[in-house]
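This is run_37.cif. It holds mmCIF, C-alpha atoms and all ligand atoms.
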data_target
loop_
_atom_site.group_PDB
_atom_site.id
_atom_site.type_symbol
_atom_site.label_atom_id
_atom_site.label_comp_id
_atom_site.auth_asym_id
_atom_site.auth_seq_id
_atom_site.Cartn_x
_atom_site.Cartn_y
_atom_site.Cartn_z
ATOM 1 C CA MET A 803 0.000 0.000 0.000
ATOM 2 C CA THR A 804 1.393 3.419 -0.895
ATOM 3 C CA SER A 805 1.228 5.973 1.896
ATOM 4 C CA ILE A 806 -0.269 9.412 1.333
ATOM 5 C CA PRO A 807 2.022 12.290 2.274
ATOM 6 C CA SER A 808 0.313 14.636 4.668
ATOM 7 C CA LEU A 809 -1.859 17.133 2.858
ATOM 8 C CA LEU A 810 -3.576 20.170 4.328
ATOM 9 C CA ILE A 811 -7.096 19.270 5.467
ATOM 10 C CA ILE A 812 -9.660 21.964 6.254
ATOM 11 C CA ALA A 813 -13.102 21.013 7.575
ATOM 12 C CA ILE A 814 -15.987 23.496 7.405
ATOM 13 C CA ASP A 815 -19.276 22.567 9.042
ATOM 14 C CA GLY A 816 -22.451 24.523 9.685
ATOM 15 C CA GLY A 817 -26.188 24.635 9.116
ATOM 16 C CA ALA A 818 -27.968 25.198 5.811
ATOM 17 C CA ALA A 819 -27.009 28.464 4.082
ATOM 18 C CA SER A 820 -24.431 29.339 6.743
ATOM 19 C CA GLY A 821 -21.925 30.319 4.038
ATOM 20 C CA LYS A 822 -19.918 27.087 3.842
ATOM 21 C CA SER A 823 -19.870 26.775 0.050
ATOM 22 C CA SER A 824 -18.869 30.338 -0.760
ATOM 23 C CA THR A 825 -16.066 30.381 1.816
ATOM 24 C CA SER A 826 -14.822 26.883 0.894
ATOM 25 C CA LYS A 827 -14.593 27.773 -2.796
ATOM 26 C CA ILE A 828 -12.544 30.906 -2.113
ATOM 27 C CA LEU A 829 -10.212 29.099 0.303
ATOM 28 C CA ALA A 830 -9.747 26.304 -2.256
ATOM 29 C CA GLU A 831 -8.682 28.863 -4.844
ATOM 30 C CA ARG A 832 -6.424 30.745 -2.459
ATOM 31 C CA PHE A 833 -4.549 27.740 -1.047
ATOM 32 C CA ASN A 834 -4.682 25.392 -4.069
ATOM 33 C CA LEU A 835 -7.042 22.910 -2.442
ATOM 34 C CA LEU A 836 -9.544 20.403 -3.779
ATOM 35 C CA HIS A 837 -13.051 21.652 -2.903
ATOM 36 C CA VAL A 838 -15.383 18.933 -1.614
ATOM 37 C CA ASP A 839 -19.049 19.812 -1.027
ATOM 38 C CA THR A 840 -20.398 16.752 0.820
ATOM 39 C CA GLY A 841 -23.923 18.230 0.890
ATOM 40 C CA SER A 842 -23.951 17.787 -2.889
ATOM 41 C CA PHE A 843 -23.109 14.090 -2.353
ATOM 42 C CA TYR A 844 -26.095 13.604 -0.037
ATOM 43 C CA ARG A 845 -28.224 15.513 -2.530
ATOM 44 C CA HIS A 846 -27.106 13.369 -5.471
ATOM 45 C CA ILE A 847 -27.801 10.116 -3.572
ATOM 46 C CA THR A 848 -31.220 11.453 -2.503
ATOM 47 C CA HIS A 849 -32.069 12.377 -6.091
ATOM 48 C CA GLU A 850 -31.002 8.951 -7.338
ATOM 49 C CA LEU A 851 -32.961 7.066 -4.653
ATOM 50 C CA LEU A 852 -36.063 9.182 -5.293
ATOM 51 C CA ARG A 853 -35.673 8.496 -9.026
ATOM 52 C CA ARG A 854 -35.589 4.768 -8.255
ATOM 53 C CA GLY A 855 -38.658 5.094 -6.015
ATOM 54 C CA VAL A 856 -36.729 3.927 -2.932
ATOM 55 C CA LEU A 857 -38.218 5.565 0.159
ATOM 56 C CA PRO A 858 -36.194 6.249 3.330
ATOM 57 C CA THR A 859 -38.805 4.277 5.275
ATOM 58 C CA ASN A 860 -38.116 1.063 3.317
ATOM 59 C CA LEU A 861 -34.768 0.088 4.832
ATOM 60 C CA ALA A 862 -34.508 -3.274 3.063
ATOM 61 C CA ALA A 863 -34.989 -1.732 -0.407
ATOM 62 C CA LEU A 864 -32.709 1.161 0.506
ATOM 63 C CA THR A 865 -29.891 -1.106 1.717
ATOM 64 C CA LEU A 866 -30.123 -3.112 -1.502
ATOM 65 C CA ALA A 867 -30.195 0.011 -3.672
ATOM 66 C CA LEU A 868 -27.106 1.377 -1.902
ATOM 67 C CA THR A 869 -25.115 -1.741 -2.825
ATOM 68 C CA GLU A 870 -25.950 -1.003 -6.475
ATOM 69 C CA LEU A 871 -24.643 2.564 -6.430
ATOM 70 C CA ASN A 872 -21.149 2.778 -7.866
ATOM 71 C CA PHE A 873 -19.255 5.932 -6.829
ATOM 72 C CA THR A 874 -16.449 7.586 -8.751
ATOM 73 C CA THR A 875 -15.122 11.153 -8.759
ATOM 74 C CA GLN A 876 -14.767 13.635 -11.578
ATOM 75 C CA LEU A 877 -13.247 17.071 -11.184
ATOM 76 C CA GLN A 878 -15.141 20.173 -12.248
ATOM 77 C CA GLY A 879 -12.553 22.914 -11.975
ATOM 78 C CA ARG A 880 -11.171 22.322 -8.512
ATOM 79 C CA SER A 881 -14.393 20.770 -7.144
ATOM 80 C CA ALA A 882 -14.894 17.031 -6.652
ATOM 81 C CA GLN A 883 -18.103 15.785 -8.266
ATOM 82 C CA LEU A 884 -19.655 12.508 -7.119
ATOM 83 C CA MET A 885 -20.544 10.363 -10.122
ATOM 84 C CA ILE A 886 -23.142 7.644 -9.551
ATOM 85 C CA GLY A 887 -22.914 4.895 -12.148
ATOM 86 C CA GLY A 888 -20.730 7.249 -14.174
ATOM 87 C CA GLN A 889 -23.378 9.991 -14.158
ATOM 88 C CA PRO A 890 -22.877 13.481 -12.694
ATOM 89 C CA ALA A 891 -25.555 15.168 -10.586
ATOM 90 C CA ASP A 892 -27.940 17.443 -12.455
ATOM 91 C CA HIS A 893 -29.430 20.789 -11.412
ATOM 92 C CA GLU A 894 -32.415 19.076 -9.761
ATOM 93 C CA ILE A 895 -30.271 18.244 -6.719
ATOM 94 C CA ARG A 896 -30.768 21.923 -5.729
ATOM 95 C CA GLY A 897 -34.532 21.784 -6.305
ATOM 96 C CA GLN A 898 -37.381 21.799 -3.823
ATOM 97 C CA ASN A 899 -38.012 18.041 -3.960
ATOM 98 C CA VAL A 900 -34.447 17.176 -2.928
ATOM 99 C CA ASN A 901 -34.425 20.020 -0.352
ATOM 100 C CA GLU A 902 -37.479 18.440 1.272
ATOM 101 C CA HIS A 903 -36.172 14.861 1.325
ATOM 102 C CA VAL A 904 -32.390 15.050 1.739
ATOM 103 C CA SER A 905 -32.318 15.258 5.557
ATOM 104 C CA HIS A 906 -34.451 12.119 5.820
ATOM 105 C CA TYR A 907 -32.017 10.082 3.697
ATOM 106 C CA ALA A 908 -28.981 11.677 5.389
ATOM 107 C CA ALA A 909 -30.260 10.485 8.786
ATOM 108 C CA ILE A 910 -29.965 6.832 7.763
ATOM 109 C CA PRO A 911 -26.728 5.215 9.059
ATOM 110 C CA ALA A 912 -26.371 2.990 5.943
ATOM 111 C CA VAL A 913 -26.385 6.076 3.700
ATOM 112 C CA ARG A 914 -23.735 7.799 5.853
ATOM 113 C CA GLN A 915 -21.675 4.622 6.004
ATOM 114 C CA LYS A 916 -21.738 4.326 2.210
ATOM 115 C CA LEU A 917 -20.326 7.864 1.925
ATOM 116 C CA LEU A 918 -17.767 7.668 4.749
ATOM 117 C CA GLY A 919 -14.963 5.879 2.892
ATOM 118 C CA TYR A 920 -15.711 7.793 -0.292
ATOM 119 C CA GLN A 921 -15.340 11.122 1.503
ATOM 120 C CA ARG A 922 -12.069 10.125 3.178
ATOM 121 C CA GLY A 923 -10.868 8.881 -0.215
ATOM 122 C CA GLN A 924 -10.947 12.468 -1.496
ATOM 123 C CA VAL A 925 -7.528 12.957 0.137
ATOM 124 C CA ALA A 926 -6.086 10.546 -2.424
ATOM 125 C CA VAL A 927 -7.976 12.363 -5.221
ATOM 126 C CA ALA A 928 -6.455 15.656 -4.047
ATOM 127 C CA GLN A 929 -3.017 14.104 -4.052
ATOM 128 C CA GLN A 930 -3.405 12.520 -7.498
ATOM 129 C CA HIS A 931 -4.389 15.859 -8.994
ATOM 130 C CA GLY A 932 -1.539 17.799 -7.427
ATOM 131 C CA PHE A 933 -3.522 19.833 -4.883
ATOM 132 C CA ARG A 934 -1.918 20.955 -1.656
ATOM 133 C CA GLY A 935 -4.820 19.447 0.275
ATOM 134 C CA LEU A 936 -8.575 19.734 0.475
ATOM 135 C CA VAL A 937 -11.318 21.840 1.972
ATOM 136 C CA MET A 938 -14.377 19.735 2.771
ATOM 137 C CA GLU A 939 -17.710 21.232 3.789
ATOM 138 C CA GLY A 940 -20.670 19.529 5.434
ATOM 139 C CA ARG A 941 -22.239 18.749 8.804
ATOM 140 C CA ASP A 942 -19.941 16.106 10.331
ATOM 141 C CA ILE A 943 -16.581 16.749 8.695
ATOM 142 C CA GLY A 944 -14.799 18.023 11.815
ATOM 143 C CA SER A 945 -16.609 15.591 14.117
ATOM 144 C CA VAL A 946 -16.610 12.303 12.162
ATOM 145 C CA ILE A 947 -14.925 12.406 8.746
ATOM 146 C CA PHE A 948 -11.720 14.257 9.633
ATOM 147 C CA PRO A 949 -11.645 14.836 13.419
ATOM 148 C CA ALA A 950 -7.866 15.353 13.158
ATOM 149 C CA ALA A 951 -8.112 17.932 10.314
ATOM 150 C CA ASP A 952 -5.538 20.745 10.382
ATOM 151 C CA TYR A 953 -8.356 23.295 10.764
ATOM 152 C CA ARG A 954 -11.945 22.691 11.798
ATOM 153 C CA PHE A 955 -14.287 25.634 11.352
ATOM 154 C CA PHE A 956 -17.930 25.816 12.364
ATOM 155 C CA LEU A 957 -20.049 28.536 10.760
ATOM 156 C CA HIS A 958 -23.064 30.011 12.525
ATOM 157 C CA ALA A 959 -25.520 32.569 11.185
ATOM 158 C CA ASP A 960 -28.870 33.859 12.320
ATOM 159 C CA PRO A 961 -31.698 31.784 10.717
ATOM 160 C CA ILE A 962 -33.450 34.895 9.347
ATOM 161 C CA GLU A 963 -30.263 36.039 7.630
ATOM 162 C CA ARG A 964 -29.746 32.528 6.220
ATOM 163 C CA ALA A 965 -33.290 32.429 4.828
ATOM 164 C CA LYS A 966 -32.600 35.778 3.142
ATOM 165 C CA ARG A 967 -29.413 34.386 1.572
ATOM 166 C CA ARG A 968 -31.315 31.427 0.078
ATOM 167 C CA ALA A 969 -34.073 33.734 -1.185
ATOM 168 C CA ARG A 970 -31.433 35.929 -2.872
ATOM 169 C CA GLU A 971 -30.191 32.749 -4.615
ATOM 170 C CA GLY A 972 -33.778 32.256 -5.830
ATOM 171 C CA GLN A 973 -34.155 29.031 -3.817
ATOM 172 C CA LEU A 974 -37.067 27.707 -1.829
ATOM 173 C CA ASP A 975 -35.495 25.924 1.112
ATOM 174 C CA SER A 976 -36.827 24.866 4.501
ATOM 175 C CA ILE A 977 -33.640 25.830 6.323
ATOM 176 C CA ALA A 978 -34.992 25.665 9.884
ATOM 177 C CA GLU A 979 -36.627 22.289 9.315
ATOM 178 C CA ARG A 980 -33.496 20.800 7.713
ATOM 179 C CA ASP A 981 -31.345 22.121 10.569
ATOM 180 C CA ARG A 982 -33.746 20.638 13.109
ATOM 181 C CA LEU A 983 -33.615 17.216 11.425
ATOM 182 C CA ASP A 984 -29.840 17.368 10.832
ATOM 183 C CA SER A 985 -29.116 18.372 14.445
ATOM 184 C CA SER A 986 -31.460 15.906 16.105
ATOM 185 C CA ARG A 987 -30.615 12.717 14.202
ATOM 186 C CA LYS A 988 -28.696 9.955 16.022
ATOM 187 C CA ALA A 989 -26.136 9.266 13.257
ATOM 188 C CA SER A 990 -23.437 11.963 12.997
ATOM 189 C CA PRO A 991 -25.648 14.939 13.897
ATOM 190 C CA LEU A 992 -24.820 18.521 13.016
ATOM 191 C CA VAL A 993 -22.712 19.696 15.978
ATOM 192 C CA SER A 994 -19.927 22.152 16.559
ATOM 193 C CA PRO A 995 -17.239 19.691 17.677
ATOM 194 C CA THR A 996 -15.061 20.460 20.698
ATOM 195 C CA GLY A 997 -11.977 22.323 19.587
ATOM 196 C CA ALA A 998 -13.509 23.645 16.349
ATOM 197 C CA ILE A 999 -13.170 27.352 15.565
ATOM 198 C CA ALA A 1000 -16.679 28.835 15.654
ATOM 199 C CA ILE A 1001 -17.410 31.865 13.466
ATOM 200 C CA ASP A 1002 -20.703 33.760 13.524
ATOM 201 C CA SER A 1003 -21.170 35.169 10.021
ATOM 202 C CA THR A 1004 -24.493 36.960 10.647
ATOM 203 C CA PHE A 1005 -22.963 40.451 10.582
ATOM 204 C CA LEU A 1006 -19.885 39.655 8.492
ATOM 205 C CA THR A 1007 -19.447 39.883 4.743
ATOM 206 C CA LEU A 1008 -18.217 36.856 2.843
ATOM 207 C CA GLU A 1009 -14.815 38.549 2.469
ATOM 208 C CA GLN A 1010 -14.573 39.123 6.217
ATOM 209 C CA VAL A 1011 -15.326 35.476 6.987
ATOM 210 C CA VAL A 1012 -12.753 34.315 4.434
ATOM 211 C CA GLU A 1013 -10.128 36.735 5.789
ATOM 212 C CA LYS A 1014 -10.629 35.446 9.337
ATOM 213 C CA MET A 1015 -10.124 31.865 8.216
ATOM 214 C CA ALA A 1016 -7.269 32.614 5.823
ATOM 215 C CA ALA A 1017 -5.392 34.588 8.502
ATOM 216 C CA MET A 1018 -5.506 31.594 10.841
ATOM 217 C CA ILE A 1019 -4.407 29.206 8.106
ATOM 218 C CA GLU A 1020 -1.568 31.469 6.922
ATOM 219 C CA LYS A 1021 -0.329 31.991 10.475
ATOM 220 C CA LYS A 1022 -0.019 28.286 11.057
ATOM 221 C CA LEU A 1023 1.416 27.572 7.585
ATOM 222 C CA SER A 1024 4.162 30.118 8.044
HETATM 223 O O1 LIG A 1101 -24.940 21.473 2.599
HETATM 224 P P1 LIG A 1101 -26.321 21.180 1.996
HETATM 225 O O2 LIG A 1101 -27.388 22.076 2.544
HETATM 226 O O3 LIG A 1101 -26.311 21.138 0.504
HETATM 227 O O4 LIG A 1101 -26.640 19.689 2.507
HETATM 228 C C1 LIG A 1101 -27.808 19.008 2.153
HETATM 229 C C2 LIG A 1101 -28.183 18.024 3.244
HETATM 230 O O5 LIG A 1101 -27.230 16.965 3.298
HETATM 231 C C3 LIG A 1101 -28.250 18.586 4.663
HETATM 232 O O6 LIG A 1101 -29.546 19.040 4.986
HETATM 233 C C4 LIG A 1101 -27.854 17.422 5.520
HETATM 234 C C5 LIG A 1101 -27.048 16.530 4.624
HETATM 235 N N1 LIG A 1101 -25.608 16.520 4.936
HETATM 236 C C6 LIG A 1101 -25.199 15.722 5.959
HETATM 237 O O7 LIG A 1101 -26.020 15.099 6.635
HETATM 238 N N2 LIG A 1101 -23.873 15.594 6.220
HETATM 239 C C7 LIG A 1101 -22.963 16.263 5.513
HETATM 240 N N3 LIG A 1101 -21.667 16.108 5.787
HETATM 241 C C8 LIG A 1101 -23.379 17.131 4.471
HETATM 242 C C9 LIG A 1101 -24.731 17.257 4.221
#
Would it be possible to restate this file's structure as structure tokens?
Ligand code: DC
Amino acid sequence: MTSIPSLLIIAIDGGAASGKSSTSKILAERFNLLHVDTGSFYRHITHELLRRGVLPTNLAALTLALTELNFTTQLQGRSAQLMIGGQPADHEIRGQNVNEHVSHYAAIPAVRQKLLGYQRGQVAVAQQHGFRGLVMEGRDIGSVIFPAADYRFFLHADPIERAKRRAREGQLDSIAERDRLDSSRKASPLVSPTGAIAIDSTFLTLEQVVEKMAAMIEKKLS
């Protein structure tokens, strides 16, 4: 087995519309990192299972369907895209139907287990493509996927401000309901893990949030 030289790993967790994606993309650009949006992975799986008519309440059918899903990765710019059966996700993963169902599928341990190894495997993808490391965003990255990441950030923002951000993106999203489900599930709930750096972005611009994070990263790198 070939060993993977240590790459920079940055975990960014937070609730829906807390600013994870925008900050992760800028940090990826700035520090030459692979950008990994794990929410898009849960969305793609949800879309595929809905397409197959597999409900989250039918555990036997769901477990069987999961064994049939073959995961590979394709890069889009510097972002890792989950391919299922060789197919990329389409725009519907950001639509209302997936918004309404994704937290129910994400609460199922078998779904999380299926993604665990795949997510950790993104370190090897980053290495193969010559990145300095990766920035991975989600709900359980600092707590479960990479608890020993070099930096673990947790983004907070007032729910009203977050709803406004989604509305500005033209999206209908039940942010509060998704956060409630994601925080209260038994399997890898949304939590700010001990030792993570918490940032409240309610009154900060995107640039200010990025500068806070980048300053910490640069300080340690130098
Ligand atoms: O980041 P997002 O809003 O696109 O994520 C969609 C859903 O996926 C979110 O409501 C919960 C789930 N998710 C998760 O359970 N764990 C992750 N690491 C990322 C997302």
Return the single residue from A:Leu936, A:Ile977, A:Leu810, A:Ala908 that is closest to Gly923 in chain A, with distances computed using all atoms listed in the file. A:Leu936
Which is closer to Leu992 in chain A than all the others in A:Arg964, A:Arg934, A:His958, A:Arg896, using all atoms listed in the file?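 Ranked by minimum distance to Leu992 in chain A, first place goes to A:His958.
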Can you give me, as a ChimeraX atom specification, the residues this file yields under the PyMOL selection byres (((not hetatm)) within 6 of (chain A and resi 1101))? /A:818,840-842,844-845,904-905,908,940-943,980,984
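When CA of Glu831 in chain A is paired with CA of Ser808 in chain A, their separation reads 19.3 Å.
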Hits from the PyMOL selection byres (((chain A and resi 888) around 9) and not hetatm), listed as a list in words: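 On the file shown, the PyMOL selection byres (((chain A and resi 888) around 9) and not hetatm) covers Asn872, Phe873, Thr874, Thr875, Leu884, Met885, Ile886, Gly887, Gln889 and Pro890 of chain A.
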CA of Ser945 in chain A and CA of Lys916 in chain A are how many Å apart?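 CA of Ser945 in chain A sits 17.2 Å away from CA of Lys916 in chain A.
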Check which residues satisfy the PyMOL selection byres (((chain A and resi 812) around 10) and not hetatm) in the file shown, then give them as a VMD selection string. chain A and resid 809 to 811 813 to 814 826 829 to 830 835 837 935 to 939 943 to 944 948 950 to 955 1019
Among the residues A:Ile828, A:Ala978, A:Val856, A:Ala969, the one that comes closest to Gln1010 in chain A [using only C-alpha atoms]: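 Selected residue with least distance to Gln1010 in chain A: A:Ile828.
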Find the axis-aligned box for range 927-932 of chain A, covering all its listed atoms and adding 4 Å on each side, and write its centre and edge lengths in Å to one decimal as AutoDock Vina command-line options.
--center_x -4.8 --center_y 15.1 --center_z -6.5 --size_x 14.4 --size_y 13.4 --size_z 12.9
Nearest-residue call for Gly897 in chain A, choices A:Gln876, A:Thr825, A:Ser1003, A:Ser976, using all atoms listed in the file: A:Ser976
Which residue out of A:Thr1004, A:Ser823, A:Thr865, A:Thr859 has the minimum interatomic distance to Glu963 in chain A when only C-alpha atoms are used?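 Closest candidate: A:Thr1004.
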